[in-house]
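Student: This is protein-v3.txt (compact mmCIF, C-alpha atoms).
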```
# COMPACT_ATOMS: atom_id res chain seq x y z
CA MET J 1 64.39 44.31 60.93
CA LYS J 2 62.27 45.83 58.22
CA LYS J 3 60.12 47.64 60.74
CA GLU J 4 63.19 49.09 62.39
CA LYS J 5 64.34 50.46 59.08
CA GLU J 6 60.95 52.01 58.47
CA ILE J 7 61.02 53.76 61.83
CA MET J 8 64.50 54.98 61.07
CA THR J 9 63.46 56.37 57.71
CA ILE J 10 60.47 58.14 59.16
CA THR J 11 62.52 59.53 62.00
CA ILE J 12 65.19 60.80 59.64
CA ALA J 13 62.50 62.40 57.51
CA LEU J 14 61.06 63.99 60.63
CA ILE J 15 64.46 65.19 61.73
CA SER J 16 65.21 66.72 58.35
CA ALA J 17 61.79 68.34 58.38
CA VAL J 18 62.45 69.84 61.78
CA LEU J 19 65.88 71.05 60.68
CA ALA J 20 64.57 72.61 57.48
CA CYS J 21 61.67 74.16 59.33
CA VAL J 22 63.92 75.77 61.90
CA LEU J 23 66.40 76.83 59.24
CA PHE J 24 63.79 78.59 57.17
CA MET J 25 62.26 80.17 60.23
CA GLN J 26 65.63 81.60 61.07
CA PHE J 27 66.17 82.77 57.49
CA LYS J 28 62.86 84.52 57.60
CA ILE J 29 63.60 86.15 60.94
CA VAL J 30 66.96 87.41 59.79
CA LYS J 31 65.52 88.71 56.56
CA GLU J 32 62.60 90.48 58.22
CA THR J 33 64.77 91.85 60.95
CA ASN J 34 66.97 93.66 58.49
CA ILE J 35 63.92 95.51 57.23
CA GLU J 36 62.48 96.46 60.59
CA GLN J 37 65.70 96.61 62.47
CA ILE J 38 64.64 98.82 65.29
CA GLU J 39 61.28 97.19 65.91
CA ASP J 40 62.78 93.77 66.44
CA MET J 41 66.02 94.83 68.07
CA ARG J 42 67.10 92.81 71.01
CA GLU J 43 65.88 93.96 74.35
CA ASP J 44 69.33 94.63 75.71
CA GLU J 45 70.27 96.49 72.57
CA LEU J 46 67.23 98.66 73.01
CA LYS J 47 68.10 99.14 76.63
CA GLN J 48 71.59 100.14 75.62
CA ALA J 49 70.20 102.55 73.07
CA ILE J 50 67.88 104.06 75.69
CA ALA J 51 70.77 104.39 78.11
CA ASP J 52 72.87 106.03 75.42
CA TRP J 53 70.15 108.48 74.56
CA LYS J 54 69.51 109.22 78.19
CA GLU J 55 73.18 109.97 78.64
CA LYS J 56 73.12 112.20 75.59
CA TYR J 57 70.00 113.94 76.86
CA LYS J 58 71.63 114.50 80.21
CA ASP J 59 74.71 115.95 78.57
CA ALA J 60 72.64 118.17 76.34
CA SER J 61 70.49 119.48 79.17
CA GLN J 62 73.60 120.11 81.23
CA LYS J 63 75.04 122.07 78.37
CA LEU J 64 71.81 123.98 77.96
CA GLU J 65 71.79 124.85 81.62
CA ASP J 66 75.39 126.02 81.48
CA THR J 67 74.69 128.11 78.43
CA ASN J 68 71.59 129.63 79.99
CA GLN J 69 73.56 130.51 83.06
CA LYS J 70 76.23 132.12 80.95
CA ILE J 71 73.62 134.09 79.07
CA GLU J 72 72.14 135.23 82.35
CA GLU J 73 75.55 136.30 83.54
CA TYR J 74 76.13 138.20 80.36
CA VAL J 75 72.74 139.89 80.64
CA ASP J 76 73.50 140.82 84.22
CA LYS J 77 76.84 142.16 83.20
CA LEU J 78 75.27 144.06 80.35
CA GLN J 79 72.75 145.60 82.71
CA ASP J 80 75.49 146.48 85.14
CA ASP J 81 77.44 147.98 82.31
CA GLU J 82 74.42 149.94 81.24
CA GLU J 83 73.87 151.17 84.77
CA ILE J 84 77.49 152.14 85.06
CA ASN J 85 77.29 153.72 81.67
CA GLU J 86 74.25 155.67 82.74
CA LEU J 87 75.95 156.72 85.96
CA VAL J 88 79.11 157.73 84.17
CA LYS J 89 77.09 159.65 81.63
CA LYS J 90 75.23 161.45 84.35
CA GLU J 91 78.44 162.21 86.17
CA LEU J 92 80.00 163.43 82.98
CA GLU J 93 76.99 165.62 82.37
CA GLU J 94 77.22 167.04 85.87
CA ALA J 95 80.95 167.57 85.51
CA LYS J 96 80.37 169.32 82.23
CA VAL J 97 77.76 171.54 83.83
CA ASN J 98 80.03 172.25 86.75
CA PHE J 99 82.84 173.03 84.43
CA GLY J 100 80.70 175.24 82.27
CA LEU J 101 80.99 173.17 79.13
CA THR J 102 77.30 173.22 78.36
CA ASP J 103 74.57 175.78 77.96
CA VAL J 104 72.34 175.73 80.98
CA THR J 105 68.97 177.19 81.80
CA GLY J 106 67.07 177.55 85.01
CA GLU J 107 65.63 179.97 87.50
CA GLY J 108 67.87 182.55 89.10
CA ILE J 109 68.60 186.24 89.36
CA ILE J 110 70.10 188.90 87.16
CA VAL J 111 72.21 191.65 88.73
CA THR J 112 73.09 194.67 86.69
CA LEU J 113 75.92 196.96 87.72
CA GLU J 114 76.58 200.16 85.85
CA ASP J 115 79.21 202.85 85.95
CA ASN J 116 78.03 206.30 86.80
CA GLU J 117 79.65 209.65 87.52
CA GLU J 118 80.33 208.77 91.11
CA LYS J 119 81.63 205.25 90.88
CA ILE J 120 83.21 202.98 88.35
CA VAL J 121 82.62 199.29 88.71
CA ASP J 122 85.81 197.54 89.65
CA ALA J 123 86.93 193.93 89.21
CA ASP J 124 86.84 193.61 92.97
CA ASP J 125 83.16 194.52 92.97
CA LEU J 126 82.48 191.75 90.51
CA LEU J 127 84.61 189.28 92.40
CA GLU J 128 82.81 190.13 95.58
CA LEU J 129 79.47 189.70 93.89
CA ILE J 130 80.48 186.37 92.39
CA ASN J 131 81.70 185.22 95.78
CA GLU J 132 78.38 186.20 97.31
CA LEU J 133 76.52 184.33 94.60
CA ARG J 134 78.67 181.29 95.03
CA ASN J 135 78.13 181.47 98.74
CA ALA J 136 74.43 181.39 98.02
CA ASP J 137 74.79 178.12 96.15
CA SER J 138 74.42 179.42 92.65
CA GLU J 139 75.09 176.73 90.12
CA ALA J 140 76.15 178.76 87.11
CA ILE J 141 77.26 182.37 86.75
CA SER J 142 78.01 184.54 83.76
CA ILE J 143 79.18 188.09 83.34
CA ASN J 144 78.04 189.81 80.21
CA GLY J 145 77.57 186.43 78.55
CA VAL J 146 80.95 185.08 79.64
CA ARG J 147 80.66 181.96 81.72
CA VAL J 148 82.35 182.15 85.07
CA THR J 149 83.98 178.87 86.08
CA ASN J 150 86.37 177.93 88.81
CA MET J 151 89.26 178.92 86.57
CA THR J 152 87.90 182.26 85.43
CA ASP J 153 90.10 185.28 85.96
CA ILE J 154 88.60 188.68 86.54
CA ALA J 155 91.03 191.55 86.28
CA TYR J 156 90.74 195.30 86.09
CA LEU J 157 92.37 196.99 83.17
CA SER J 158 93.69 200.55 83.36
CA ASP J 159 91.51 201.69 80.46
CA GLY J 160 88.39 201.19 82.56
CA THR J 161 87.38 197.83 81.19
CA ILE J 162 87.37 194.54 82.97
CA LEU J 163 88.95 191.35 81.71
CA VAL J 164 86.88 188.25 82.29
CA GLU J 165 88.30 185.04 80.94
CA HIS J 166 90.44 187.06 78.53
CA ASN J 167 87.35 188.86 77.29
CA LYS J 168 87.28 192.60 77.61
CA ILE J 169 83.95 193.78 78.91
CA SER J 170 82.69 197.13 79.98
CA SER J 171 79.77 198.75 81.74
CA PRO J 172 76.96 197.86 82.12
CA TYR J 173 77.78 194.57 83.68
CA THR J 174 75.04 191.97 83.70
CA ILE J 175 75.66 189.11 86.06
CA LYS J 176 73.38 186.16 85.64
CA ALA J 177 73.26 183.41 88.24
CA ILE J 178 71.24 180.22 88.23
CA GLY J 179 70.15 178.91 91.59
CA ASP J 180 67.37 179.15 94.13
CA ARG J 181 66.23 182.65 93.19
CA THR J 182 64.69 183.59 96.53
CA TYR J 183 67.74 182.36 98.33
CA LEU J 184 70.07 184.17 95.95
CA LYS J 185 68.07 187.34 96.20
CA SER J 186 67.87 187.26 99.95
CA ALA J 187 71.62 186.56 100.15
CA LEU J 188 72.25 189.78 98.25
CA THR J 189 69.52 191.98 99.72
CA ILE J 190 70.12 191.10 103.32
CA LYS J 191 70.64 194.12 105.56
CA ASN J 192 74.17 195.41 105.13
CA GLY J 193 74.55 192.85 102.42
CA TYR J 194 76.09 193.34 99.03
CA TYR J 195 73.11 195.13 97.49
CA ASP J 196 72.75 197.48 100.43
CA LEU J 197 76.44 198.30 100.61
CA LYS J 198 76.82 198.95 96.90
CA GLN J 199 73.79 201.20 96.87
CA LYS J 200 75.14 203.06 99.82
CA GLU J 201 78.49 203.40 98.10
CA GLY J 202 76.72 204.94 95.14
CA TYR J 203 76.74 202.20 92.54
CA ASP J 204 73.95 201.78 90.08
CA ILE J 205 72.78 198.32 90.95
CA GLN J 206 69.64 196.54 89.91
CA LEU J 207 68.40 193.14 90.87
CA GLU J 208 65.70 191.09 89.21
CA GLU J 209 64.48 187.55 89.43
CA ASP J 210 63.92 185.45 86.37
CA ASN J 211 62.24 182.13 85.88
CA ASN J 212 64.20 181.16 82.87
CA ILE J 213 67.77 182.32 82.73
CA LYS J 214 69.96 180.98 79.99
CA ILE J 215 73.72 180.85 80.53
CA ASN J 216 76.02 180.00 77.64
CA LYS J 217 78.79 177.50 77.89
CA ASN J 218 82.39 178.39 78.49
CA LYS J 219 83.83 179.22 75.09
CA SER J 220 87.50 179.13 75.92
CA ASP J 221 89.42 175.91 75.58
CA ILE J 222 90.69 174.06 78.58
CA ASN J 223 94.18 172.81 78.05
CA LEU J 224 95.68 170.76 80.81
CA ARG J 225 99.41 170.87 80.50
CA TYR J 226 100.66 170.27 84.01
CA ILE J 227 98.06 168.11 85.62
CA GLU J 228 98.89 164.48 85.25
CA LEU J 229 95.83 162.44 84.62
CA MET R 1 64.75 55.22 50.39
CA ILE R 2 66.44 57.20 53.14
CA ILE R 3 67.54 59.89 50.70
CA LEU R 4 63.99 60.23 49.47
CA ALA R 5 62.80 60.52 53.07
CA ILE R 6 65.34 63.26 53.67
CA CYS R 7 64.24 65.18 50.58
CA ILE R 8 60.55 64.94 51.45
CA GLY R 9 61.32 65.95 55.02
CA CYS R 10 63.32 68.98 53.91
CA VAL R 11 60.64 70.21 51.52
CA LEU R 12 57.87 69.74 54.07
CA GLY R 13 59.94 71.43 56.77
CA ALA R 14 60.74 74.37 54.51
CA ILE R 15 57.10 74.90 53.67
CA ILE R 16 56.08 74.72 57.32
CA GLY R 17 58.96 76.96 58.37
CA ILE R 18 58.09 79.66 55.86
CA ASN R 19 54.44 79.62 56.83
CA LEU R 20 54.97 79.62 60.58
CA PRO R 21 54.49 82.96 62.38
CA MET R 22 57.55 85.04 63.16
CA ILE R 23 59.13 84.57 66.52
CA PRO R 24 60.59 87.65 68.20
CA TYR R 25 64.12 88.62 67.36
CA SER R 26 65.19 88.10 70.97
CA TYR R 27 64.75 84.33 70.51
CA SER R 28 66.44 84.11 67.14
CA SER R 29 69.83 83.56 68.73
CA TYR R 30 68.49 80.40 70.42
CA LEU R 31 67.14 79.21 67.12
CA ALA R 32 70.42 79.89 65.38
CA ILE R 33 72.49 78.01 67.94
CA SER R 34 70.11 75.04 67.80
CA ILE R 35 70.44 75.02 64.01
CA VAL R 36 74.21 74.93 64.28
CA ALA R 37 74.00 72.08 66.79
CA ALA R 38 71.60 70.14 64.57
CA LEU R 39 73.78 70.61 61.49
CA ASP R 40 76.73 69.36 63.50
CA SER R 41 74.77 66.26 64.47
CA VAL R 42 73.74 65.64 60.86
CA LEU R 43 77.33 65.89 59.65
CA GLY R 44 78.44 63.67 62.48
CA GLY R 45 75.81 61.15 61.46
CA ILE R 46 76.98 61.18 57.87
CA THR R 47 80.58 60.67 58.95
CA SER R 48 79.71 57.73 61.19
CA THR R 49 77.61 56.21 58.40
CA LEU R 50 80.58 56.40 56.09
CA ASN R 51 82.78 54.82 58.74
CA GLY R 52 80.17 52.14 59.29
CA LYS R 53 79.73 53.13 62.92
CA PHE R 54 76.32 54.78 62.59
CA ASN R 55 74.06 54.34 65.58
CA PHE R 56 70.55 55.63 65.09
CA LYS R 57 69.83 56.19 68.77
CA ILE R 58 73.04 58.14 69.26
CA PHE R 59 72.21 60.21 66.21
CA VAL R 60 68.69 61.11 67.31
CA SER R 61 69.67 61.79 70.91
CA GLY R 62 72.63 63.88 69.70
CA PHE R 63 70.43 65.79 67.29
CA PHE R 64 67.88 66.88 69.86
CA GLY R 65 70.14 66.75 72.89
CA ASN R 66 72.78 69.05 71.41
CA ALA R 67 70.17 71.48 70.16
CA ILE R 68 68.44 71.69 73.52
CA LEU R 69 71.69 71.84 75.44
CA SER R 70 73.01 74.63 73.26
CA ILE R 71 69.77 76.58 73.76
CA LEU R 72 70.03 76.10 77.51
CA LEU R 73 73.65 77.21 77.46
CA THR R 74 72.77 80.30 75.48
CA TYR R 75 70.01 81.10 77.93
CA LEU R 76 72.39 80.66 80.84
CA GLY R 77 74.92 82.84 79.07
CA GLU R 78 72.33 85.56 78.67
CA LYS R 79 71.49 85.38 82.37
CA LEU R 80 75.16 85.44 83.33
CA ASN R 81 75.90 88.16 80.79
CA VAL R 82 78.52 85.89 79.17
CA ASP R 83 78.39 85.03 75.50
CA ILE R 84 78.43 81.27 76.05
CA TYR R 85 76.77 80.71 72.66
CA VAL R 86 80.01 81.88 71.07
CA GLY R 87 81.77 78.93 72.69
CA ALA R 88 79.03 76.58 71.53
CA VAL R 89 79.30 77.93 67.99
CA VAL R 90 83.07 77.50 68.03
CA VAL R 91 82.79 73.90 69.21
CA PHE R 92 80.03 72.93 66.80
CA VAL R 93 81.56 74.62 63.78
CA GLY R 94 84.94 73.08 64.58
CA ARG R 95 83.35 69.66 64.72
CA MET R 96 81.50 70.35 61.52
CA PHE R 97 84.77 71.08 59.78
CA ASN R 98 86.27 67.91 61.25
CA ASN R 99 83.39 65.82 59.99
CA LEU R 100 83.45 67.49 56.60
CA GLY R 101 87.16 66.73 56.39
CA MET R 102 86.52 63.06 57.17
CA ILE R 103 83.76 62.88 54.57
CA ARG R 104 86.00 64.53 52.00
CA ARG R 105 88.87 62.17 52.78
CA TYR R 106 86.58 59.15 52.55
CA TYR R 107 85.32 60.08 49.08
CA ILE R 108 88.76 61.03 47.79
CA ASP R 109 90.13 57.71 49.01
CA LYS R 110 87.24 55.87 47.41
CA TRP R 111 87.75 57.74 44.12
CA SER R 112 91.51 57.16 43.95
CA ASN R 113 91.04 53.48 44.87
CA LYS R 114 88.58 53.10 42.05
CA LYS R 115 91.03 54.72 39.64
CA SER R 116 93.95 52.54 40.65
CA GLU R 117 91.75 49.45 40.42
CA GLU R 118 90.72 50.44 36.91
CA LYS R 119 94.35 50.95 36.04
CA ILE R 120 95.26 47.52 37.35
CA SER R 121 92.38 45.91 35.52
CA THR R 122 93.29 47.58 32.21
CA GLU R 123 96.88 46.52 32.70
CA ASN R 124 95.69 42.97 33.32
CA LYS R 125 93.57 43.11 30.20
CA ALA R 126 96.51 44.34 28.14
CA LYS R 127 98.55 41.47 29.40
```
Mind converting the file's structure to structure tokens?
Tutor:
Amino acid sequence: MKKEKEIMTITIALISAVLACVLFMQFKIVKETNIEQIEDMREDELKQAIADWKEKYKDASQKLEDTNQKIEEYVDKLQDDEEINELVKKELEEAKVNFGLTDVTGEGIIVTLEDNEEKIVDADDLLELINELRNADSEAISINGVRVTNMTDIAYLSDGTILVEHNKISSPYTIKAIGDRTYLKSALTIKNGYYDLKQKEGYDIQLEEDNNIKINKNKSDINLRYIEL
Amino acid sequence: MIILAICIGCVLGAIIGINLPMIPYSYSSYLAISIVAALDSVLGGITSTLNGKFNFKIFVSGFFGNAILSILLTYLGEKLNVDIYVGAVVVFVGRMFNNLGMIRRYYIDKWSNKKSEEKISTENKAK
């Protein structure tokens, strides 16, 4: 009976020792874990965290890709815009040149017509000459410094002067034309051509080539009142 | 004698427990559930002692058996991805409260009995 009690006492002591041991171990674990939370996190928690971060990474890279694509699109668009801009600018420039809104220079010929005792230069002579020049692909024409465009009027006045684009001009008439100078010259000096005929008719006409002809821009305003744009 | 044994055991266990190496956090849930089971057994033992129904073999087998069973259940729960240890905790803590209630009732009864006895004895003396 006494032995049994002894065993019981020892066992209870052992049991309480085990319980206290485990308790304090757990206390220690919990305490330490709070300090180094991440290091001792549960495996599945870590897995969850990894999964979460992976998801986030995926989202972020997707976003990045989308944004990059957008940027690319914008750059493309910008380039396109620039190209269009360039094209439009060029076209505008050409239109301006064609319309005589800018000063132009280039190779061409200079024709000088002068009144003399026999003949007086008429508006028709100038018109004919301009037609010839246009026919020979001249790109810009001026008469006595007045730019000739597609809207230019050339009219003969009774006092012996000629009206070009509402500018009164008189002899000598200097017609400058920019274009292929050999072609222009040959178009005029062809047999029975303009130069020949005028000389035969008794006009004072001179023709010279120039490497660097400067033609001023059209100085009169263009007001569109009836054309609907 | 037994109380002394318990005290010595607790102090020794605490010293050993503090000085033992750390176990990984993954296993701390097993440890915790076994502690809850053991505490439940201890309280159960106290209750049965007070009721005079204490059986040493039942106590020891319950102490270790419950602890091991709860660890196994927790392990199974982890494998099944079900928090079985929550159920174990609920059961053990509920029983702990039951036992505590019994212990409390026992001592309150004892105390009030003592008081009434004293009262009776003083009344007898006065007579």
Student: Can you tell me how far atom CA of R:Lys53 sits from atom CA of R:Ala32, in Å to one decimal?
Tutor: 28.4 Å
Student: Which value, in Å to one decimal, gives the distance between atom CA of J:Gly202 and atom CA of J:Asp137?
Tutor: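 These two atoms are separated by 26.9 Å.
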Student: Smallest atom-to-atom distance to J:Glu165: which of J:Asp221, J:Glu32, J:Asp80, J:Asp125, using all atoms listed in the file?
Tutor: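 Among J:Asp221, J:Glu32, J:Asp80, J:Asp125, it is J:Asp221 that comes nearest to J:Glu165.
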Student: Compare R:Ile2, R:Ala14, R:Ala37, R:Met22 by their minimum atom-to-atom distance to R:Phe92, counting only C-alpha atoms, and give me the closest one.
Tutor: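 Going through R:Ile2, R:Ala14, R:Ala37, R:Met22 one by one, the smallest distance to R:Phe92 is for R:Ala37.
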Student: Would you mind reading off the distance between atom CA of R:Leu12 and atom CA of J:Leu19, one decimal, in Å?
Tutor: 10.5 Å
Student: Taking all atoms listed in the file into account, name the residue in J:Lys214, J:Lys28, J:Arg134, J:Lys56 that is nearest to chain R.
Tutor: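 Result for the nearest residue to chain R: J:Lys28.
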Student: So that I can see what lies close to stretch 2-5 of chain J, please list as a ChimeraX atom specification the residues with an atom at most 12 Å from it, counting only C-alpha atoms and leaving out residues fewer than 2 positions away in the same chain.
Tutor: /J:7-12 /R:1-2,5,56-57
Student: Each residue of chain R with at least one atom at most 12 Å from chain J should appear once, together with its nearest atom pair and the corresponding distance in Å (one decimal); atoms considered: all atoms listed in the file; ordering: chain, then increasing residue number; output as a Markdown table.
Tutor:
```
| residue | atom | partner | partner_atom | distance |
| --- | --- | --- | --- | --- |
| R:Met1 | CA | J:Thr9 | CA | 7.5 |
| R:Ile2 | CA | J:Thr9 | CA | 5.5 |
| R:Ile3 | CA | J:Ala13 | CA | 8.8 |
| R:Leu4 | CA | J:Ala13 | CA | 8.5 |
| R:Ala5 | CA | J:Ala13 | CA | 4.8 |
| R:Ile6 | CA | J:Ala13 | CA | 4.9 |
| R:Cys7 | CA | J:Ala13 | CA | 7.7 |
| R:Ile8 | CA | J:Ala13 | CA | 6.9 |
| R:Gly9 | CA | J:Ala17 | CA | 4.2 |
| R:Cys10 | CA | J:Ala17 | CA | 4.8 |
| R:Val11 | CA | J:Ala17 | CA | 7.2 |
| R:Leu12 | CA | J:Ala17 | CA | 6.0 |
| R:Gly13 | CA | J:Ala17 | CA | 3.9 |
| R:Ala14 | CA | J:Cys21 | CA | 4.9 |
| R:Ile15 | CA | J:Cys21 | CA | 7.3 |
| R:Ile16 | CA | J:Cys21 | CA | 6.0 |
| R:Gly17 | CA | J:Cys21 | CA | 4.0 |
| R:Ile18 | CA | J:Phe24 | CA | 5.9 |
| R:Asn19 | CA | J:Met25 | CA | 8.5 |
| R:Leu20 | CA | J:Met25 | CA | 7.3 |
| R:Pro21 | CA | J:Met25 | CA | 8.5 |
| R:Met22 | CA | J:Ile29 | CA | 6.5 |
| R:Ile23 | CA | J:Ile29 | CA | 7.3 |
| R:Pro24 | CA | J:Asp40 | CA | 6.7 |
| R:Tyr25 | CA | J:Asp40 | CA | 5.4 |
| R:Ser26 | CA | J:Arg42 | CA | 5.1 |
| R:Tyr27 | CA | J:Arg42 | CA | 8.8 |
| R:Ser28 | CA | J:Gln26 | CA | 6.6 |
| R:Ser29 | CA | J:Gln26 | CA | 9.0 |
| R:Tyr30 | CA | J:Gln26 | CA | 9.9 |
| R:Leu31 | CA | J:Gln26 | CA | 6.7 |
| R:Ala32 | CA | J:Gln26 | CA | 6.7 |
| R:Ile33 | CA | J:Gln26 | CA | 10.4 |
| R:Ser34 | CA | J:Val22 | CA | 8.6 |
| R:Ile35 | CA | J:Leu23 | CA | 6.5 |
| R:Val36 | CA | J:Leu23 | CA | 9.5 |
| R:Ala37 | CA | J:Leu19 | CA | 10.2 |
| R:Ala38 | CA | J:Leu19 | CA | 7.0 |
| R:Leu39 | CA | J:Leu19 | CA | 8.0 |
| R:Asp40 | CA | J:Leu19 | CA | 11.3 |
| R:Ser41 | CA | J:Ile15 | CA | 10.7 |
| R:Val42 | CA | J:Ser16 | CA | 9.0 |
| R:Gly45 | CA | J:Ile12 | CA | 10.8 |
| R:Ile46 | CA | J:Ile12 | CA | 11.9 |
| R:Phe54 | CA | J:Met8 | CA | 11.9 |
| R:Asn55 | CA | J:Met8 | CA | 10.6 |
| R:Phe56 | CA | J:Met8 | CA | 7.3 |
| R:Lys57 | CA | J:Met8 | CA | 9.4 |
| R:Phe59 | CA | J:Ile12 | CA | 9.6 |
| R:Val60 | CA | J:Ile15 | CA | 8.1 |
| R:Ser61 | CA | J:Ile15 | CA | 11.1 |
| R:Gly62 | CA | J:Ile15 | CA | 11.5 |
| R:Phe63 | CA | J:Ile15 | CA | 8.2 |
| R:Phe64 | CA | J:Ile15 | CA | 9.0 |
| R:Ala67 | CA | J:Leu19 | CA | 10.4 |
| R:Glu78 | CA | J:Asp44 | CA | 10.0 |
| R:Lys79 | CA | J:Asp44 | CA | 11.6 |
| R:Asn81 | CA | J:Asp44 | CA | 10.5 |
```
Student: Dig up all the protein and nucleic acid residues within 6 Å of (81.8, 175.8, 87.1) in the file frame, using all atoms listed in the file, and format them as a PyMOL selection string.
Tutor: chain J and resi 98-100+149-150
Student: Nearest to J:Lys219 among J:Val75, J:Leu101, J:Ile162, J:Leu64, with distances taken over all atoms listed in the file: which residue is it?
Tutor: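 Smallest distance to J:Lys219 is found for J:Leu101.
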Student: Work out where the centre of an axis-aligned box around every listed atom of stretch 3-22 of chain J lies and how long its edges are once 4 Å is added on each side; give both in Å to one decimal as JSON.
Tutor:
```
{"center_x": 63.0, "center_y": 61.7, "center_z": 59.9, "size_x": 13.8, "size_y": 36.1, "size_z": 12.9}
```
Student: Go through J:Leu184, J:Thr112, J:Gln62, J:Lys90 one by one, measure the shortest atom-to-atom distance of each to J:Asn131 using all atoms listed in the file, and give the residue with the smallest value.
Tutor: J:Leu184
